[in-house]
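> Here you go, protein-v5.tsv (TSV, C-alpha atoms and all ligand atoms):
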```
chain	number	residue	atom	x	y	z
A	1	MET	CA	27.67	-23.27	1.92
A	2	ILE	CA	24.95	-24.43	-0.48
A	3	LEU	CA	21.31	-24.36	0.61
A	4	VAL	CA	19.03	-26.98	-0.94
A	5	THR	CA	15.32	-26.29	-0.46
A	6	GLY	CA	13.27	-29.44	-0.88
A	7	GLY	CA	16.41	-31.50	-0.31
A	8	ALA	CA	14.43	-34.29	1.36
A	9	GLY	CA	12.49	-34.91	-1.86
A	10	TYR	CA	13.25	-37.07	-4.87
A	11	ILE	CA	15.39	-34.91	-7.17
A	12	GLY	CA	16.61	-32.71	-4.31
A	13	SER	CA	18.04	-35.64	-2.35
A	14	HIS	CA	19.86	-37.08	-5.39
A	15	THR	CA	21.37	-33.65	-6.03
A	16	VAL	CA	22.48	-33.42	-2.39
A	17	LEU	CA	24.11	-36.84	-2.75
A	18	ASN	CA	25.94	-35.69	-5.90
A	19	PHE	CA	27.36	-32.67	-4.05
A	20	ILE	CA	28.27	-34.80	-1.00
A	21	ASN	CA	30.25	-37.09	-3.31
A	22	LYS	CA	32.18	-34.04	-4.48
A	23	GLY	CA	33.02	-33.07	-0.90
A	24	TYR	CA	30.53	-30.25	-0.30
A	25	GLU	CA	28.85	-29.39	3.00
A	26	LEU	CA	25.17	-28.51	2.50
A	27	VAL	CA	22.10	-27.25	4.32
A	28	ILE	CA	18.80	-28.98	3.55
A	29	PHE	CA	15.64	-27.00	4.18
A	30	ASP	CA	12.42	-28.99	3.87
A	31	SER	CA	8.92	-28.83	5.39
A	32	LEU	CA	8.71	-32.66	5.25
A	33	GLU	CA	5.15	-32.36	3.93
A	34	ASN	CA	6.27	-34.46	0.98
A	35	GLY	CA	9.96	-34.98	1.71
A	36	HIS	CA	11.03	-37.75	4.09
A	37	ILE	CA	13.03	-37.57	7.31
A	38	GLU	CA	14.39	-41.05	6.48
A	39	THR	CA	15.99	-39.55	3.36
A	40	VAL	CA	17.58	-36.76	5.43
A	41	ASN	CA	18.90	-39.29	7.95
A	42	THR	CA	20.39	-41.42	5.16
A	43	LEU	CA	22.12	-38.37	3.66
A	44	LYS	CA	23.39	-37.33	7.10
A	45	GLN	CA	25.06	-40.73	7.45
A	46	ILE	CA	26.84	-40.27	4.13
A	47	GLY	CA	27.97	-36.65	4.28
A	48	ASN	CA	28.24	-33.35	6.06
A	49	ILE	CA	24.61	-32.25	6.06
A	50	HIS	CA	22.69	-29.75	8.18
A	51	PHE	CA	18.94	-30.05	8.26
A	52	ILE	CA	16.34	-27.38	8.97
A	53	LYS	CA	12.66	-28.27	9.06
A	54	GLY	CA	10.76	-25.23	7.97
A	55	ASP	CA	8.28	-23.68	5.58
A	56	LEU	CA	9.21	-21.18	2.88
A	57	ARG	CA	5.76	-19.61	3.27
A	58	ASN	CA	6.84	-18.51	6.74
A	59	LEU	CA	9.23	-15.55	6.52
A	60	ASP	CA	10.70	-16.20	9.97
A	61	ASP	CA	11.70	-19.70	8.88
A	62	VAL	CA	13.35	-18.33	5.74
A	63	GLU	CA	15.17	-15.58	7.64
A	64	ALA	CA	16.45	-18.14	10.17
A	65	ILE	CA	18.30	-20.07	7.44
A	66	PHE	CA	20.33	-17.12	6.27
A	67	SER	CA	20.98	-15.76	9.78
A	68	ASN	CA	22.31	-19.11	10.96
A	69	TYR	CA	24.31	-20.29	7.95
A	70	LYS	CA	26.68	-18.59	5.55
A	71	ILE	CA	25.01	-19.51	2.26
A	72	ASP	CA	26.53	-18.57	-1.10
A	73	THR	CA	24.19	-20.40	-3.50
A	74	VAL	CA	20.64	-21.76	-3.28
A	75	ILE	CA	19.33	-24.75	-5.21
A	76	HIS	CA	15.56	-24.37	-5.05
A	77	PHE	CA	13.53	-27.58	-5.41
A	78	ALA	CA	10.86	-27.04	-2.76
A	79	GLY	CA	7.36	-27.08	-4.22
A	80	PHE	CA	4.26	-29.15	-4.72
A	81	ILE	CA	4.37	-31.31	-7.85
A	82	GLN	CA	1.00	-32.89	-8.51
A	83	VAL	CA	-0.49	-31.52	-11.70
A	84	GLU	CA	-4.00	-32.81	-10.99
A	85	GLU	CA	-4.05	-31.40	-7.46
A	86	SER	CA	-2.89	-28.03	-8.80
A	87	VAL	CA	-6.01	-27.91	-10.99
A	88	LYS	CA	-8.27	-28.79	-8.04
A	89	ASN	CA	-6.60	-26.44	-5.56
A	90	PRO	CA	-4.75	-23.67	-7.42
A	91	GLU	CA	-4.47	-21.40	-4.34
A	92	LYS	CA	-2.42	-24.01	-2.49
A	93	TYR	CA	-0.05	-24.18	-5.46
A	94	TYR	CA	0.29	-20.44	-6.03
A	95	LYS	CA	0.99	-19.88	-2.32
A	96	ASN	CA	3.46	-22.69	-1.93
A	97	ASN	CA	5.20	-22.56	-5.29
A	98	VAL	CA	5.12	-18.85	-6.19
A	99	LEU	CA	4.71	-16.84	-2.97
A	100	ALA	CA	7.14	-19.08	-1.09
A	101	SER	CA	9.70	-18.61	-3.88
A	102	ILE	CA	9.27	-14.82	-3.62
A	103	ASN	CA	9.93	-15.08	0.14
A	104	LEU	CA	13.08	-17.03	-0.59
A	105	PHE	CA	14.37	-14.67	-3.30
A	106	ASN	CA	13.60	-11.52	-1.25
A	107	THR	CA	15.49	-12.91	1.74
A	108	MET	CA	18.39	-13.86	-0.53
A	109	VAL	CA	18.51	-10.32	-1.89
A	110	GLN	CA	18.45	-8.87	1.65
A	111	HIS	CA	21.39	-11.10	2.57
A	112	ASN	CA	23.23	-10.30	-0.66
A	113	ILE	CA	23.14	-13.90	-1.97
A	114	GLN	CA	23.23	-13.74	-5.72
A	115	ARG	CA	23.03	-17.26	-7.11
A	116	VAL	CA	20.09	-19.62	-7.43
A	117	VAL	CA	19.48	-22.79	-9.44
A	118	PHE	CA	15.74	-23.28	-9.94
A	119	SER	CA	13.92	-26.53	-10.51
A	120	SER	CA	11.63	-25.79	-13.44
A	121	SER	CA	9.75	-28.17	-15.70
A	122	ALA	CA	8.83	-29.03	-19.28
A	123	ALA	CA	5.30	-28.32	-17.99
A	124	VAL	CA	5.98	-24.64	-18.84
A	125	TYR	CA	5.60	-25.46	-22.55
A	126	GLY	CA	2.10	-26.98	-22.50
A	127	GLU	CA	0.98	-28.86	-25.61
A	128	PRO	CA	4.04	-28.85	-27.91
A	129	LEU	CA	3.78	-26.89	-31.15
A	130	TYR	CA	6.78	-28.87	-32.41
A	131	THR	CA	9.09	-31.62	-31.16
A	132	PRO	CA	11.79	-31.95	-29.98
A	133	ILE	CA	11.13	-28.91	-27.78
A	134	ASP	CA	13.94	-26.37	-27.45
A	135	GLU	CA	14.11	-23.50	-24.96
A	136	LYS	CA	12.72	-21.05	-27.53
A	137	HIS	CA	9.43	-22.95	-27.73
A	138	PRO	CA	6.63	-20.65	-26.51
A	139	LYS	CA	5.48	-21.13	-22.93
A	140	LYS	CA	1.79	-21.97	-22.57
A	141	PRO	CA	1.26	-24.06	-19.44
A	142	LEU	CA	-1.86	-26.20	-19.27
A	143	ASN	CA	-2.31	-26.16	-15.49
A	144	PRO	CA	-1.44	-24.15	-12.35
A	145	TYR	CA	1.60	-26.36	-11.65
A	146	GLY	CA	3.17	-25.45	-15.01
A	147	GLU	CA	1.99	-21.85	-14.62
A	148	ASN	CA	3.75	-21.65	-11.21
A	149	LYS	CA	7.03	-22.84	-12.72
A	150	SER	CA	6.72	-20.36	-15.58
A	151	GLN	CA	5.92	-17.47	-13.21
A	152	VAL	CA	8.90	-18.21	-10.99
A	153	GLU	CA	11.11	-18.15	-14.10
A	154	GLU	CA	9.69	-14.71	-14.97
A	155	ILE	CA	10.20	-13.47	-11.40
A	156	LEU	CA	13.83	-14.59	-11.60
A	157	LYS	CA	14.26	-12.66	-14.83
A	158	GLU	CA	13.00	-9.49	-13.13
A	159	TYR	CA	15.12	-10.09	-10.02
A	160	ASP	CA	18.21	-10.38	-12.16
A	161	ALA	CA	17.44	-7.03	-13.82
A	162	LYS	CA	16.55	-5.29	-10.56
A	163	TYR	CA	18.68	-6.98	-7.89
A	164	ASN	CA	21.39	-8.73	-9.87
A	165	LEU	CA	20.16	-12.12	-8.59
A	166	LYS	CA	21.61	-14.62	-11.09
A	167	SER	CA	19.70	-17.79	-11.84
A	168	ILE	CA	19.79	-20.97	-13.85
A	169	CYS	CA	16.35	-22.45	-14.54
A	170	LEU	CA	16.45	-26.14	-15.37
A	171	ARG	CA	13.41	-27.46	-17.23
A	172	TYR	CA	13.22	-31.17	-16.51
A	173	PHE	CA	11.47	-33.62	-18.77
A	174	ASN	CA	10.47	-36.97	-17.16
A	175	VAL	CA	12.80	-37.92	-14.33
A	176	ALA	CA	13.45	-41.58	-13.50
A	177	GLY	CA	15.74	-43.93	-11.59
A	178	ALA	CA	17.41	-43.99	-8.20
A	179	ASP	CA	20.76	-44.07	-6.43
A	180	LEU	CA	22.84	-47.06	-7.64
A	181	GLN	CA	23.11	-48.37	-4.07
A	182	SER	CA	19.35	-47.97	-3.38
A	183	ARG	CA	20.01	-45.64	-0.44
A	184	ILE	CA	17.56	-43.07	-1.81
A	185	GLY	CA	15.00	-43.15	-4.62
A	186	GLU	CA	11.62	-41.96	-5.86
A	187	TRP	CA	9.12	-41.82	-3.01
A	188	HIS	CA	5.91	-39.89	-3.57
A	189	GLU	CA	2.66	-40.29	-1.70
A	190	PRO	CA	0.41	-40.61	-3.59
A	191	GLU	CA	2.48	-41.86	-6.51
A	192	THR	CA	1.31	-40.64	-9.91
A	193	HIS	CA	4.40	-41.27	-12.08
A	194	LEU	CA	4.70	-44.00	-14.65
A	195	ILE	CA	7.74	-46.08	-13.65
A	196	PRO	CA	7.08	-46.27	-9.88
A	197	ASN	CA	3.45	-47.12	-10.62
A	198	ILE	CA	4.47	-49.99	-12.89
A	199	LEU	CA	6.86	-51.22	-10.18
A	200	LYS	CA	4.19	-50.98	-7.49
A	201	SER	CA	2.02	-53.31	-9.56
A	202	ILE	CA	4.85	-55.86	-9.18
A	203	PHE	CA	5.57	-55.42	-5.49
A	204	GLU	CA	2.14	-54.60	-4.08
A	205	LYS	CA	-0.51	-57.27	-3.89
A	206	ASP	CA	-3.67	-56.87	-6.00
A	207	LYS	CA	-2.27	-53.78	-7.72
A	208	THR	CA	-2.66	-53.47	-11.45
A	209	PHE	CA	-0.89	-51.00	-13.67
A	210	LYS	CA	-3.22	-48.65	-15.52
A	211	VAL	CA	-2.27	-47.45	-19.00
A	212	PHE	CA	-3.83	-44.03	-19.59
A	213	GLY	CA	-4.83	-44.04	-23.24
A	214	THR	CA	-3.98	-46.23	-26.23
A	215	ASP	CA	-5.33	-44.01	-29.02
A	216	TYR	CA	-2.67	-41.30	-29.18
A	217	ASP	CA	-1.17	-40.31	-32.48
A	218	THR	CA	2.09	-42.19	-31.80
A	219	PHE	CA	3.58	-45.35	-33.33
A	220	ASP	CA	1.91	-47.66	-30.76
A	221	GLY	CA	-0.92	-45.43	-29.53
A	222	THR	CA	0.57	-44.71	-26.09
A	223	CYS	CA	2.22	-41.45	-24.97
A	224	ILE	CA	5.88	-40.82	-25.64
A	225	ARG	CA	8.11	-39.19	-23.01
A	226	ASP	CA	11.79	-38.38	-22.58
A	227	TYR	CA	13.00	-40.18	-19.42
A	228	VAL	CA	16.09	-38.56	-17.95
A	229	ASN	CA	18.03	-40.36	-15.23
A	230	VAL	CA	17.95	-38.71	-11.80
A	231	GLU	CA	21.73	-39.03	-11.32
A	232	ASP	CA	22.35	-37.36	-14.68
A	233	LEU	CA	19.90	-34.67	-13.63
A	234	ALA	CA	21.71	-34.21	-10.30
A	235	GLU	CA	24.99	-33.73	-12.18
A	236	ALA	CA	23.32	-31.02	-14.29
A	237	HIS	CA	22.62	-29.09	-11.06
A	238	TYR	CA	26.29	-29.26	-10.16
A	239	LEU	CA	27.23	-28.01	-13.64
A	240	ALA	CA	24.65	-25.21	-13.35
A	241	TYR	CA	26.13	-24.24	-9.97
A	242	MET	CA	29.63	-24.13	-11.45
A	243	TYR	CA	28.38	-22.17	-14.46
A	244	LEU	CA	26.84	-19.54	-12.20
A	245	LYS	CA	30.03	-19.28	-10.16
A	246	ASN	CA	32.29	-18.99	-13.20
A	247	ASN	CA	30.14	-16.89	-15.52
A	248	ASN	CA	27.78	-14.97	-13.25
A	249	LYS	CA	25.10	-15.11	-15.96
A	250	SER	CA	21.45	-16.19	-15.87
A	251	ASP	CA	20.14	-18.77	-18.32
A	252	ILE	CA	17.53	-21.49	-18.95
A	253	PHE	CA	18.18	-25.09	-20.01
A	254	ASN	CA	16.10	-28.11	-20.98
A	255	LEU	CA	17.20	-31.37	-19.40
A	256	GLY	CA	16.23	-34.50	-21.26
A	257	THR	CA	17.91	-37.35	-23.14
A	258	GLU	CA	16.46	-36.44	-26.56
A	259	ASN	CA	15.19	-40.05	-26.80
A	260	GLY	CA	11.49	-40.83	-26.62
A	261	SER	CA	9.95	-43.98	-25.14
A	262	SER	CA	6.29	-44.93	-25.25
A	263	VAL	CA	4.35	-46.10	-22.17
A	264	LYS	CA	4.21	-49.54	-23.79
A	265	GLU	CA	7.99	-49.61	-24.34
A	266	VAL	CA	8.52	-48.62	-20.71
A	267	PHE	CA	6.35	-51.37	-19.25
A	268	GLU	CA	7.84	-53.94	-21.61
A	269	THR	CA	11.32	-52.95	-20.42
A	270	VAL	CA	10.17	-53.27	-16.81
A	271	GLU	CA	8.82	-56.75	-17.64
A	272	GLU	CA	12.22	-57.75	-19.06
A	273	ILE	CA	14.15	-56.40	-16.06
A	274	ALA	CA	11.76	-57.86	-13.49
A	275	GLY	CA	11.50	-61.14	-15.43
A	276	ARG	CA	7.73	-61.27	-15.13
A	277	LYS	CA	4.48	-60.11	-16.73
A	278	ILE	CA	2.69	-57.07	-15.39
A	279	ASN	CA	-1.05	-56.93	-14.69
A	280	ILE	CA	-2.26	-54.26	-17.07
A	281	GLU	CA	-5.53	-52.41	-17.22
A	282	TYR	CA	-6.16	-50.25	-20.27
A	283	GLN	CA	-7.99	-47.04	-19.45
A	284	GLU	CA	-9.16	-43.81	-21.05
A	285	ARG	CA	-6.70	-40.95	-21.57
A	286	ARG	CA	-5.70	-38.96	-18.48
A	287	GLU	CA	-6.72	-35.32	-18.84
A	288	GLY	CA	-3.98	-32.92	-19.93
A	289	ASP	CA	-1.46	-35.50	-21.21
A	290	ALA	CA	0.36	-34.43	-24.38
A	291	ALA	CA	0.97	-37.23	-26.92
A	292	ILE	CA	4.71	-36.58	-27.21
A	293	LEU	CA	7.12	-34.66	-24.95
A	294	LEU	CA	10.65	-34.81	-26.22
A	295	ALA	CA	13.54	-32.52	-25.30
A	296	ASN	CA	16.05	-30.78	-27.44
A	297	ALA	CA	18.79	-30.56	-24.81
A	298	SER	CA	21.60	-29.41	-27.09
A	299	LYS	CA	21.93	-26.09	-25.23
A	300	ALA	CA	22.71	-27.81	-21.88
A	301	LYS	CA	25.15	-30.10	-23.65
A	302	LYS	CA	26.91	-27.22	-25.39
A	303	ILE	CA	26.97	-24.58	-22.66
A	304	LEU	CA	26.91	-26.57	-19.40
A	305	LYS	CA	28.88	-29.45	-20.98
A	306	TRP	CA	26.24	-31.81	-19.64
A	307	ILE	CA	26.54	-35.40	-20.84
A	308	PRO	CA	23.67	-37.66	-19.75
A	309	LYS	CA	25.22	-41.09	-19.22
A	310	HIS	CA	22.34	-43.36	-18.29
A	311	THR	CA	19.81	-45.14	-20.48
A	312	LEU	CA	16.16	-45.81	-19.72
A	313	GLU	CA	17.19	-49.40	-18.84
A	314	ASP	CA	19.63	-48.05	-16.23
A	315	SER	CA	16.90	-45.90	-14.71
A	316	ILE	CA	14.43	-48.77	-14.62
A	317	LYS	CA	17.01	-51.12	-13.06
A	318	THR	CA	17.84	-48.71	-10.22
A	319	ALA	CA	14.16	-47.80	-9.74
A	320	TYR	CA	13.36	-51.52	-9.56
A	321	LEU	CA	16.03	-52.19	-6.93
A	322	TRP	CA	14.92	-49.18	-4.89
A	323	GLU	CA	11.25	-50.20	-5.00
A	324	LYS	CA	12.24	-53.75	-4.06
A	325	SER	CA	14.21	-52.47	-1.07
A	326	LYS	CA	11.07	-50.78	0.24
A	327	HIS	CA	9.01	-53.99	0.26
A	401	LIG	N1	0.99	-43.04	-17.15
A	401	LIG	C1	0.22	-44.19	-17.21
A	401	LIG	N2	-0.09	-44.80	-16.02
A	401	LIG	C2	0.32	-44.33	-14.82
A	401	LIG	C3	1.10	-43.15	-14.78
A	401	LIG	C4	1.40	-42.54	-15.98
A	401	LIG	O1	-0.16	-44.66	-18.29
A	401	LIG	O2	-0.01	-44.93	-13.77
A	401	LIG	C5	1.37	-42.39	-18.43
A	401	LIG	C6	0.85	-40.97	-18.53
A	401	LIG	O3	-0.42	-40.94	-19.08
A	401	LIG	C7	1.92	-40.33	-19.41
A	401	LIG	C8	3.20	-41.10	-19.07
A	401	LIG	O4	2.78	-42.31	-18.47
A	401	LIG	O5	1.61	-40.57	-20.75
A	401	LIG	C9	4.10	-40.35	-18.12
A	401	LIG	O6	3.35	-39.93	-17.00
A	401	LIG	P1	3.99	-39.35	-15.67
A	401	LIG	O7	2.86	-39.04	-14.72
A	401	LIG	O8	5.06	-40.26	-15.18
A	401	LIG	O9	4.70	-38.02	-16.13
A	401	LIG	P2	4.08	-36.75	-16.90
A	401	LIG	O10	4.68	-36.77	-18.27
A	401	LIG	O11	2.63	-36.65	-16.79
A	401	LIG	O12	4.65	-35.60	-15.96
A	401	LIG	C10	5.93	-35.09	-16.06
A	401	LIG	C11	6.37	-34.54	-14.71
A	401	LIG	C12	5.50	-33.38	-14.31
A	401	LIG	C13	5.41	-32.38	-15.42
A	401	LIG	C14	4.99	-33.04	-16.72
A	401	LIG	C15	4.93	-32.12	-17.89
A	401	LIG	O13	6.30	-35.52	-13.71
A	401	LIG	O14	6.07	-32.77	-13.17
A	401	LIG	O15	5.90	-34.09	-17.00
A	401	LIG	O16	6.19	-31.75	-18.25
A	401	LIG	F1	4.51	-31.43	-15.13
```
Turn this file's structure into structure tokens for me.
Ligand code: UFG

Amino acid sequence: MILVTGGAGYIGSHTVLNFINKGYELVIFDSLENGHIETVNTLKQIGNIHFIKGDLRNLDDVEAIFSNYKIDTVIHFAGFIQVEESVKNPEKYYKNNVLASINLFNTMVQHNIQRVVFSSSAAVYGEPLYTPIDEKHPKKPLNPYGENKSQVEEILKEYDAKYNLKSICLRYFNVAGADLQSRIGEWHEPETHLIPNILKSIFEKDKTFKVFGTDYDTFDGTCIRDYVNVEDLAEAHYLAYMYLKNNNKSDIFNLGTENGSSVKEVFETVEEIAGRKINIEYQERREGDAAILLANASKAKKILKWIPKHTLEDSIKTAYLWEKSKH
């Protein structure tokens, strides 16, 4: 069986749904600090899902998973994701994102489980030295969140050498969109991401959308990002799982569309899809935002045979319908 840590969260739940659609039975492990029980219940109605509420920081909780279920592969999403909070409270992030991962990997080794897909991030690169960014770009994270992701990648490298634990690290660029049927979607509290924040300014009274910076060195002055659809991303996890099973080899892949969109282009697309104007407030730059983050994802395309199918418009449409369903 496949274990999905953080399976009640945004990307985790979409990956679970992808595997359910392919007929897999899965175990979700989630502390529900940021994941949602509603998401678990929805997934349980769709497929064969077991749910364990637990904390990876607690070794007994981790041990209980592997004693109770016959797991052959782990897809590890669980972790805190707020960059700003990681700067304010690094200890919380190192304990939850690094120590907890060590607990997980050690217990896997003890139970002779040798495959893990790890949810990494473009945050490992820091300020790009060149774009598009390929996997060979030096790692120089700008904050504890990115540092955590980078450290877990390094730990996995050592665990492969020492314990033969094989891993695929997937470095996501900006993830967007929701399930086509609006059963699950992006649900963070607080919400810091661009597209859900634009949508909230539509659906929530007296909410304006704040643009962080208009003086970047880009064609329209706002930041450029590579928005990859969450269903395409979920499929990449399936391909990574298959790759590990068939090749038994560790590797690292960027996941992005290789297309950049500016903040202005994104909110204009939302305006078109929603058929209305958005209340915009122009603000100063947000600390730590790079001007351009754009993926070179040719390695994932070539080796994993990953083909992202959805456009930014698709992601905004499904995100819009999901947000609407919540109001
Ligand atoms: N933005 C706004 N207003 C908002 C929210 C965001 O203008 O209300 C802007 C940001 O300044 C940025 C862009 O929209 O230019 C995208 O911001 P997000 O917060 O949606 O995403 P980030 O690029 O900051 O973060 C993403 C991932 C992180 C990861 C980071 C670096 O969500 O997990 O990329 O790779 F750490």
> If you take all atoms listed in the file and a cut-off of 7 Å, which residues of chain A touch ligand LIG 401 (chain A), and what are their nearest atom pairs and distances in Å to one decimal, in chain and number order, as a Markdown table?

```
| residue | atom | partner | partner_atom | distance |
| --- | --- | --- | --- | --- |
| A:Ile81 | CA | A:LIG401 | O14 | 5.8 |
| A:Gln82 | CA | A:LIG401 | O14 | 6.9 |
| A:Val83 | CA | A:LIG401 | F1 | 6.1 |
| A:Ser121 | CA | A:LIG401 | O16 | 5.7 |
| A:Ala122 | CA | A:LIG401 | O16 | 3.9 |
| A:Ala123 | CA | A:LIG401 | O16 | 3.6 |
| A:Tyr145 | CA | A:LIG401 | F1 | 6.8 |
| A:Gly146 | CA | A:LIG401 | F1 | 6.1 |
| A:Phe173 | CA | A:LIG401 | O16 | 5.6 |
| A:Asn174 | CA | A:LIG401 | C10 | 5.0 |
| A:Val175 | CA | A:LIG401 | O13 | 7.0 |
| A:Thr192 | CA | A:LIG401 | O7 | 5.3 |
| A:His193 | CA | A:LIG401 | O8 | 3.3 |
| A:Leu194 | CA | A:LIG401 | C3 | 3.7 |
| A:Ile195 | CA | A:LIG401 | O8 | 6.6 |
| A:Asn197 | CA | A:LIG401 | O2 | 5.2 |
| A:Ile198 | CA | A:LIG401 | O2 | 6.8 |
| A:Phe209 | CA | A:LIG401 | O2 | 6.1 |
| A:Lys210 | CA | A:LIG401 | N2 | 5.0 |
| A:Val211 | CA | A:LIG401 | O1 | 3.6 |
| A:Phe212 | CA | A:LIG401 | O1 | 3.9 |
| A:Gly213 | CA | A:LIG401 | O3 | 6.8 |
| A:Thr222 | CA | A:LIG401 | O5 | 6.8 |
| A:Cys223 | CA | A:LIG401 | O5 | 4.4 |
| A:Ile224 | CA | A:LIG401 | O5 | 6.5 |
| A:Arg225 | CA | A:LIG401 | O10 | 6.3 |
| A:Val263 | CA | A:LIG401 | O4 | 5.5 |
| A:Arg285 | CA | A:LIG401 | O3 | 6.8 |
| A:Arg286 | CA | A:LIG401 | O3 | 5.7 |
| A:Asp289 | CA | A:LIG401 | O3 | 5.9 |
```
> Quick one: contact table of range 66-110 of chain A to range 32-36 of chain A, 10 Å max, nearest atom pair and distance in Å to one decimal per residue, counting all atoms listed in the file, chain and number order, as CSV?

```
residue,atom,partner,partner_atom,distance
A:Ala78,CA,A:Gly35,CA,9.2
A:Gly79,CA,A:Asn34,CA,9.1
A:Phe80,CA,A:Asn34,CA,8.0
A:Ile81,CA,A:Asn34,CA,9.6
```
> CA of Gly7 in chain A to CA of Ser298 in chain A: how many Å, to one decimal?
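Answer for the CA of Gly7 in chain A to CA of Ser298 in chain A separation: 27.4 Å.
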> Could the residues of range 137-211 of chain A that have an atom at most 7 Å from range 229-240 of chain A be listed as CSV, each with its closest atom pair and the distance in Å to one decimal, counting only C-alpha atoms and ordered by chain and ascending residue number?

```
residue,atom,partner,partner_atom,distance
A:Ile168,CA,A:Ala240,CA,6.5
A:Val175,CA,A:Val230,CA,5.8
A:Ala176,CA,A:Asn229,CA,5.0
A:Gly177,CA,A:Asn229,CA,5.6
A:Ala178,CA,A:Val230,CA,6.4
```
> From the set A:Thr5, A:Ser120, A:Ser13, A:Asn41, which residue has the shortest atom-to-atom contact distance to Glu154 in chain A, counting only C-alpha atoms?
A:Ser120
> Skipping near chain neighbours, those fewer than 4 positions away, what residues fall within 12 Å of Phe267 in chain A using only C-alpha atoms, listed as a PyMOL selection string?
chain A and resi 194-202+209-211+222+261-263+271-280+312-313+316+320
> Those residues with C-alpha atoms, as a compact mmCIF listing (two decimals), in the frame of the given file please?

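As a result, selection-v4.txt now contains:
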```
# COMPACT_ATOMS: atom_id res chain seq x y z
CA LEU A 194 4.70 -44.00 -14.65
CA ILE A 195 7.74 -46.08 -13.65
CA PRO A 196 7.08 -46.27 -9.88
CA ASN A 197 3.45 -47.12 -10.62
CA ILE A 198 4.47 -49.99 -12.89
CA LEU A 199 6.86 -51.22 -10.18
CA LYS A 200 4.19 -50.98 -7.49
CA SER A 201 2.02 -53.31 -9.56
CA ILE A 202 4.85 -55.86 -9.18
CA PHE A 209 -0.89 -51.00 -13.67
CA LYS A 210 -3.22 -48.65 -15.52
CA VAL A 211 -2.27 -47.45 -19.00
CA THR A 222 0.57 -44.71 -26.09
CA SER A 261 9.95 -43.98 -25.14
CA SER A 262 6.29 -44.93 -25.25
CA VAL A 263 4.35 -46.10 -22.17
CA GLU A 271 8.82 -56.75 -17.64
CA GLU A 272 12.22 -57.75 -19.06
CA ILE A 273 14.15 -56.40 -16.06
CA ALA A 274 11.76 -57.86 -13.49
CA GLY A 275 11.50 -61.14 -15.43
CA ARG A 276 7.73 -61.27 -15.13
CA LYS A 277 4.48 -60.11 -16.73
CA ILE A 278 2.69 -57.07 -15.39
CA ASN A 279 -1.05 -56.93 -14.69
CA ILE A 280 -2.26 -54.26 -17.07
CA LEU A 312 16.16 -45.81 -19.72
CA GLU A 313 17.19 -49.40 -18.84
CA ILE A 316 14.43 -48.77 -14.62
CA TYR A 320 13.36 -51.52 -9.56
```
> At a cut-off of 12 Å, using all atoms listed in the file, what residues contact Lys44 in chain A? Leave out same-chain residues fewer than 3 positions from it and give the result as an mmCIF file with C-alpha atoms, in the frame of the given file.

```
data_model
loop_
_atom_site.group_PDB
_atom_site.id
_atom_site.type_symbol
_atom_site.label_atom_id
_atom_site.label_comp_id
_atom_site.auth_asym_id
_atom_site.auth_seq_id
_atom_site.Cartn_x
_atom_site.Cartn_y
_atom_site.Cartn_z
ATOM 1 C CA GLY A 7 16.410 -31.500 -0.310
ATOM 2 C CA ALA A 8 14.430 -34.290 1.360
ATOM 3 C CA SER A 13 18.040 -35.640 -2.350
ATOM 4 C CA VAL A 16 22.480 -33.420 -2.390
ATOM 5 C CA LEU A 17 24.110 -36.840 -2.750
ATOM 6 C CA ILE A 20 28.270 -34.800 -1.000
ATOM 7 C CA GLU A 25 28.850 -29.390 3.000
ATOM 8 C CA LEU A 26 25.170 -28.510 2.500
ATOM 9 C CA VAL A 27 22.100 -27.250 4.320
ATOM 10 C CA ILE A 28 18.800 -28.980 3.550
ATOM 11 C CA ILE A 37 13.030 -37.570 7.310
ATOM 12 C CA GLU A 38 14.390 -41.050 6.480
ATOM 13 C CA THR A 39 15.990 -39.550 3.360
ATOM 14 C CA VAL A 40 17.580 -36.760 5.430
ATOM 15 C CA ASN A 41 18.900 -39.290 7.950
ATOM 16 C CA GLY A 47 27.970 -36.650 4.280
ATOM 17 C CA ASN A 48 28.240 -33.350 6.060
ATOM 18 C CA ILE A 49 24.610 -32.250 6.060
ATOM 19 C CA HIS A 50 22.690 -29.750 8.180
ATOM 20 C CA PHE A 51 18.940 -30.050 8.260
ATOM 21 C CA ARG A 183 20.010 -45.640 -0.440
#
```
> When distances are computed from only C-alpha atoms, which of A:Asp220, A:Asp160, A:Asp60, A:Glu323 shows the smallest separation from Lys249 in chain A?
A:Asp160
> Excluding Lys149 in chain A and residues on its chain fewer than 4 positions from it, collect all residues at most 12 Å away from it, counting only C-alpha atoms, and give them as a VMD selection string.
chain A and resid 76 to 81 83 86 93 to 94 96 to 99 101 118 to 126 139 to 145 153 to 156 169 to 172
> If you measure from CA of Leu244 in chain A to CA of Asn18 in chain A, what distance in Å do you get, rounded to one decimal?
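That distance, rounded to one decimal, is 17.4 Å.
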> Could you jot down the CA of Thr269 in chain A to CA of Val228 in chain A separation for me, Å, one decimal place?
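We find that CA of Thr269 in chain A and CA of Val228 in chain A lie 15.4 Å from each other.
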> Counting all atoms listed in the file, which residues sit no farther than 10 Å from the position (21.7, -17.5, 5.4) in the file's frame? I'd like them as an MDAnalysis selection string.
chainID A and resid 1:3 27 62:74 107:108 110:113
> Calculated over only C-alpha atoms, which of the candidates A:Leu165, A:Phe29, A:Glu147, A:Pro128 has the smallest distance to Val109 in chain A?
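Smallest distance to Val109 in chain A is found for A:Leu165.
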> For a quick check of understanding, using only C-alpha atoms, which of A:His327, A:Lys22, A:Lys205, A:Lys53 has the smallest distance to Val4 in chain A?
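Of A:His327, A:Lys22, A:Lys205, A:Lys53, the one nearest Val4 in chain A, counting only C-alpha atoms, is A:Lys53.
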